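Below is start11.txt, which holds compact mmCIF, C-alpha atoms.
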```
# COMPACT_ATOMS: atom_id res chain seq x y z
CA MET M 1 -10.02 -32.44 55.60
CA LYS M 2 -9.70 -30.02 52.69
CA GLN M 3 -12.43 -29.55 50.14
CA PRO M 4 -11.48 -30.34 46.54
CA ASN M 5 -10.84 -27.41 44.21
CA LYS M 6 -14.10 -26.56 42.61
CA THR M 7 -13.73 -24.34 39.52
CA VAL M 8 -16.76 -22.82 37.87
CA HIS M 9 -16.55 -21.21 34.47
CA ARG M 10 -19.08 -19.17 32.56
CA ILE M 11 -19.12 -17.18 29.32
CA VAL M 12 -19.07 -13.49 30.19
CA TRP M 13 -19.03 -12.07 26.65
CA ARG M 14 -19.27 -13.50 23.14
CA HIS M 15 -17.88 -11.80 20.02
CA PRO M 16 -20.69 -10.73 17.65
CA ARG M 17 -19.22 -12.79 14.82
CA GLY M 18 -18.35 -15.70 17.07
CA ARG M 19 -14.59 -15.41 16.81
CA PHE M 20 -13.90 -15.70 20.54
CA ASP M 21 -15.55 -15.86 23.94
CA VAL M 22 -14.51 -14.22 27.19
CA ILE M 23 -14.73 -16.87 29.88
CA GLU M 24 -14.56 -16.23 33.60
CA PHE M 25 -13.14 -18.92 35.87
CA GLN M 26 -14.06 -18.75 39.56
CA GLY M 27 -12.84 -20.96 42.32
CA THR M 28 -10.76 -21.44 45.40
CA SER M 29 -7.02 -22.05 45.34
CA PRO M 30 -5.48 -24.96 47.29
CA LEU M 31 -4.47 -22.44 49.96
CA GLY M 32 -8.08 -21.45 50.41
CA THR M 33 -8.06 -18.02 48.78
CA PRO M 34 -10.79 -17.31 46.25
CA TYR M 35 -9.83 -16.30 42.72
CA ARG M 36 -11.48 -15.02 39.54
CA ILE M 37 -9.75 -15.12 36.13
CA ARG M 38 -11.07 -13.79 32.82
CA GLU M 39 -9.64 -15.19 29.60
CA ALA M 40 -10.36 -14.71 25.89
CA VAL M 41 -10.66 -18.07 24.14
CA LEU M 42 -10.84 -18.58 20.37
CA THR M 43 -13.77 -20.64 19.20
CA PRO M 44 -12.63 -22.82 16.29
CA GLU M 45 -16.07 -24.13 15.34
CA ARG M 46 -17.37 -20.61 14.75
CA ASP M 47 -14.12 -18.99 13.60
CA ALA M 48 -14.62 -18.43 9.89
CA ARG M 49 -11.12 -16.97 9.44
CA GLY M 50 -9.42 -20.19 10.53
CA ILE M 51 -7.06 -18.64 13.06
CA LEU M 52 -7.12 -21.46 15.56
CA HIS M 53 -7.11 -24.48 13.29
CA LYS M 54 -4.58 -25.05 10.53
CA GLU M 55 -7.09 -25.78 7.79
CA LYS M 56 -7.13 -23.42 4.85
CA PRO M 57 -9.98 -20.93 4.84
CA PRO M 58 -12.48 -21.27 2.01
CA GLU M 59 -11.29 -19.83 -1.29
CA PRO M 60 -12.94 -16.59 -2.37
CA GLU M 61 -15.40 -16.78 -5.23
CA PHE M 62 -13.39 -14.36 -7.32
CA THR M 63 -9.70 -14.46 -8.15
CA VAL M 64 -7.44 -11.46 -7.77
CA ARG M 65 -5.33 -10.78 -10.81
CA LYS M 66 -1.85 -9.46 -10.52
CA SER M 67 -1.18 -6.11 -12.07
CA THR M 68 -0.15 -6.28 -15.70
CA ALA M 69 1.45 -2.84 -15.59
CA ARG M 70 5.14 -2.82 -16.31
CA ARG M 71 7.42 -1.67 -13.59
CA HIS M 72 9.97 0.87 -14.68
CA SER M 73 13.34 1.04 -13.10
CA TYR M 74 14.73 4.45 -12.32
CA ARG M 75 17.64 5.64 -14.44
CA ARG M 76 19.47 8.87 -13.83
CA ILE M 77 19.72 11.34 -16.66
CA GLY M 78 23.34 11.29 -17.81
CA ARG M 79 25.38 14.15 -19.21
CA LYS M 80 24.79 13.24 -22.84
CA GLU M 81 21.06 12.98 -22.28
CA ALA M 82 21.02 16.23 -20.33
CA VAL M 83 22.69 18.07 -23.21
CA MET M 84 20.28 16.49 -25.70
CA ILE M 85 17.26 17.45 -23.58
CA ALA M 86 18.45 21.04 -23.22
CA ASP M 87 19.27 21.39 -26.94
CA MET M 88 15.99 19.86 -28.11
CA TYR M 89 13.91 21.93 -25.67
CA GLN M 90 15.66 25.14 -26.68
CA ALA M 91 15.12 24.22 -30.34
CA GLY M 92 11.37 24.14 -29.69
CA TYR M 93 10.62 20.42 -29.21
CA SER M 94 7.89 19.50 -26.71
CA CYS M 95 8.53 17.34 -23.66
CA ASN M 96 6.55 14.50 -25.25
CA ARG M 97 8.67 14.54 -28.43
CA ILE M 98 11.91 14.64 -26.41
CA ALA M 99 10.67 11.75 -24.26
CA GLN M 100 9.83 9.66 -27.33
CA ALA M 101 13.27 10.30 -28.81
CA LEU M 102 15.09 9.34 -25.61
CA GLY M 103 12.78 6.51 -24.51
CA ARG M 104 11.80 8.14 -21.23
CA ASP M 105 8.61 9.33 -19.60
CA HIS M 106 7.50 12.87 -20.44
CA THR M 107 7.10 13.78 -16.77
CA SER M 108 10.77 13.07 -16.02
CA ILE M 109 11.77 15.29 -18.95
CA GLY M 110 9.51 18.09 -17.69
CA GLU M 111 10.88 17.75 -14.15
CA PHE M 112 14.43 17.89 -15.46
CA ILE M 113 13.66 21.06 -17.45
CA ARG M 114 12.01 22.74 -14.44
CA ARG M 115 14.70 21.67 -12.00
CA ASN M 116 17.52 22.99 -14.22
CA ARG M 117 15.57 26.12 -15.26
CA ILE M 118 16.08 25.53 -18.97
CA THR M 119 14.40 28.19 -21.11
CA ARG M 120 13.48 28.14 -24.79
CA LYS M 121 15.53 30.15 -27.25
CA MET M 122 12.99 29.54 -30.00
CA PRO M 123 9.20 29.33 -29.79
CA PRO M 124 7.56 25.88 -29.74
CA ARG M 125 7.38 24.16 -33.16
CA ASN M 126 3.60 23.87 -33.18
CA CYS M 127 3.20 27.58 -32.44
CA ASN M 128 1.64 30.00 -34.91
CA PRO M 129 4.45 32.10 -36.54
CA GLU M 130 2.60 35.36 -36.00
CA THR M 131 2.17 34.78 -32.28
CA ALA M 132 5.76 33.55 -32.03
CA LYS M 133 7.08 36.90 -33.23
CA LYS M 134 5.03 38.68 -30.58
CA LYS M 135 6.45 36.44 -27.85
CA LEU M 136 10.06 37.13 -28.84
```
Take the structure in the file and give it back as structure tokens.
Amino acid sequence: MKQPNKTVHRIVWRHPRGRFDVIEFQGTSPLGTPYRIREAVLTPERDARGILHKEKPPEPEFTVRKSTARRHSYRRIGRKEAVMIADMYQAGYSCNRIAQALGRDHTSIGEFIRRNRITRKMPPRNCNPETAKKKL
């Protein structure tokens, strides 16, 4: 007569925060061969994150606000704008003034000027006239 399958299980390791346990099952198969299986099991009563059960985790004490910054969509600089940027820059306008006039960011104007190697024909408008003559 065969002996009934007797399975013994014990906790081998427990997660420091109690999220899961590693359990080892030991026993004998119906064919008589011994076996040992280790398995990680979630522990719902100690699982603060709520992975195993479908309940919502507790709400945080603070609320996260969404960013109020406006998102800008990218627009290419067209031919008309490119001519205006080049003319205004060569006339002595700063990148900030050009950007205000065209409704763009000053960094995109500066990048456009650098990328296309646009140089000034006249000194900047806010420049001292005496130093401007020396530069030309």
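Note that the spacing between atom CA of Gly32 of chain M and atom CA of Ile11 of chain M amounts to 24.2 Å.
Ranking M:Arg19, M:Arg14, M:His9, M:Lys121 by their shortest atom-to-atom distance to Arg38 of chain M, with all atoms listed in the file included, puts M:His9 first.
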Legend entry - Atomic separation - atom CA of Tyr89 of chain M relative to atom CA of Ile118 of chain M, Å: 7.9 Å
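In this model, the gap between atom CA of Ala91 of chain M and atom CA of Tyr74 of chain M comes to 26.8 Å.
The residue that comes closest to Gln100 of chain M, out of M:Arg120, M:Pro34, M:Ile77, M:Ile85 and on the basis of only C-alpha atoms, is M:Ile85.
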Legend entry - Among the residues M:Asp21, M:Gly92, M:Ile37, M:Ala86, the one that comes closest to Ile109 of chain M [using only C-alpha atoms]: M:Ala86
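Once Asp87 of chain M and its same-chain neighbours fewer than 5 positions away are set aside, Lys80, Glu81, Ala82, Gly92, Tyr93, Ser94, Cys95, Ile98, Ile113, Ile118, Thr119, Arg120, Lys121 and Met122 of chain M remain within 12 Å of it when counting all atoms listed in the file.
Minimum atom-to-atom distances from M:Asn116, M:Asn96, M:Gln26, M:Thr107 to Val12 of chain M were compared using only C-alpha atoms, and the lowest value belongs to M:Gln26.
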Kindly add all heavy atoms to the incomplete segment 78-89 of chain M and provide the output as a compact mmCIF listing (two decimals), in the coordinates of the input.
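File written: result-v3.txt
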```
# COMPACT_ATOMS: atom_id res chain seq x y z
N GLY M 78 21.90 11.08 -17.68
CA GLY M 78 23.34 11.29 -17.81
C GLY M 78 23.65 12.61 -18.48
O GLY M 78 22.78 13.37 -18.89
N ARG M 79 24.96 12.88 -18.63
CA ARG M 79 25.38 14.15 -19.21
C ARG M 79 24.97 14.27 -20.67
O ARG M 79 24.51 15.33 -21.11
CB ARG M 79 26.89 14.32 -19.08
CG ARG M 79 27.31 14.65 -17.70
CD ARG M 79 28.76 15.03 -17.69
NE ARG M 79 29.12 15.37 -16.33
CZ ARG M 79 30.15 16.12 -16.01
NH1 ARG M 79 30.91 16.61 -16.96
NH2 ARG M 79 30.41 16.39 -14.76
N LYS M 80 25.15 13.19 -21.42
CA LYS M 80 24.79 13.24 -22.84
C LYS M 80 23.30 13.50 -23.01
O LYS M 80 22.89 14.32 -23.83
CB LYS M 80 25.18 11.94 -23.53
CG LYS M 80 26.66 11.75 -23.70
CD LYS M 80 26.95 10.44 -24.42
CE LYS M 80 28.44 10.22 -24.53
NZ LYS M 80 28.75 8.95 -25.18
N GLU M 81 22.51 12.79 -22.21
CA GLU M 81 21.06 12.98 -22.28
C GLU M 81 20.67 14.38 -21.83
O GLU M 81 19.76 14.99 -22.41
CB GLU M 81 20.33 11.94 -21.42
CG GLU M 81 20.06 10.64 -22.12
CD GLU M 81 19.20 9.73 -21.28
OE1 GLU M 81 19.40 9.67 -20.05
OE2 GLU M 81 18.31 9.09 -21.87
N ALA M 82 21.34 14.89 -20.83
CA ALA M 82 21.02 16.23 -20.33
C ALA M 82 21.27 17.28 -21.41
O ALA M 82 20.46 18.19 -21.61
CB ALA M 82 21.84 16.55 -19.09
N VAL M 83 22.38 17.14 -22.13
CA VAL M 83 22.69 18.07 -23.21
C VAL M 83 21.66 17.95 -24.32
O VAL M 83 21.19 18.95 -24.87
CB VAL M 83 24.13 17.82 -23.73
CG1 VAL M 83 24.40 18.60 -25.00
CG2 VAL M 83 25.15 18.17 -22.66
N MET M 84 21.28 16.71 -24.65
CA MET M 84 20.28 16.49 -25.70
C MET M 84 18.94 17.09 -25.31
O MET M 84 18.26 17.73 -26.13
CB MET M 84 20.13 14.99 -25.99
CG MET M 84 21.30 14.39 -26.73
SD MET M 84 21.16 12.62 -26.93
CE MET M 84 19.77 12.51 -28.02
N ILE M 85 18.53 16.90 -24.05
CA ILE M 85 17.26 17.45 -23.58
C ILE M 85 17.28 18.97 -23.68
O ILE M 85 16.34 19.58 -24.20
CB ILE M 85 16.96 16.99 -22.13
CG1 ILE M 85 16.67 15.49 -22.10
CG2 ILE M 85 15.79 17.77 -21.55
CD1 ILE M 85 16.61 14.90 -20.70
N ALA M 86 18.36 19.58 -23.20
CA ALA M 86 18.45 21.04 -23.22
C ALA M 86 18.44 21.56 -24.66
O ALA M 86 17.71 22.52 -24.97
CB ALA M 86 19.71 21.49 -22.50
N ASP M 87 19.21 20.93 -25.54
CA ASP M 87 19.27 21.39 -26.94
C ASP M 87 17.92 21.24 -27.63
O ASP M 87 17.47 22.14 -28.34
CB ASP M 87 20.34 20.62 -27.71
CG ASP M 87 21.75 20.98 -27.29
OD1 ASP M 87 21.91 22.04 -26.63
OD2 ASP M 87 22.68 20.21 -27.60
N MET M 88 17.27 20.10 -27.44
CA MET M 88 15.99 19.86 -28.11
C MET M 88 14.91 20.80 -27.58
O MET M 88 14.10 21.32 -28.34
CB MET M 88 15.57 18.40 -27.94
CG MET M 88 16.42 17.42 -28.73
SD MET M 88 16.03 15.72 -28.40
CE MET M 88 14.59 15.49 -29.42
N TYR M 89 14.92 21.05 -26.26
CA TYR M 89 13.91 21.93 -25.67
C TYR M 89 14.12 23.37 -26.16
O TYR M 89 13.16 24.08 -26.47
CB TYR M 89 13.97 21.85 -24.15
CG TYR M 89 12.84 22.59 -23.47
CD1 TYR M 89 11.55 22.09 -23.49
CD2 TYR M 89 13.07 23.81 -22.84
CE1 TYR M 89 10.51 22.78 -22.88
CE2 TYR M 89 12.04 24.49 -22.22
CZ TYR M 89 10.76 23.97 -22.25
OH TYR M 89 9.73 24.65 -21.66
```
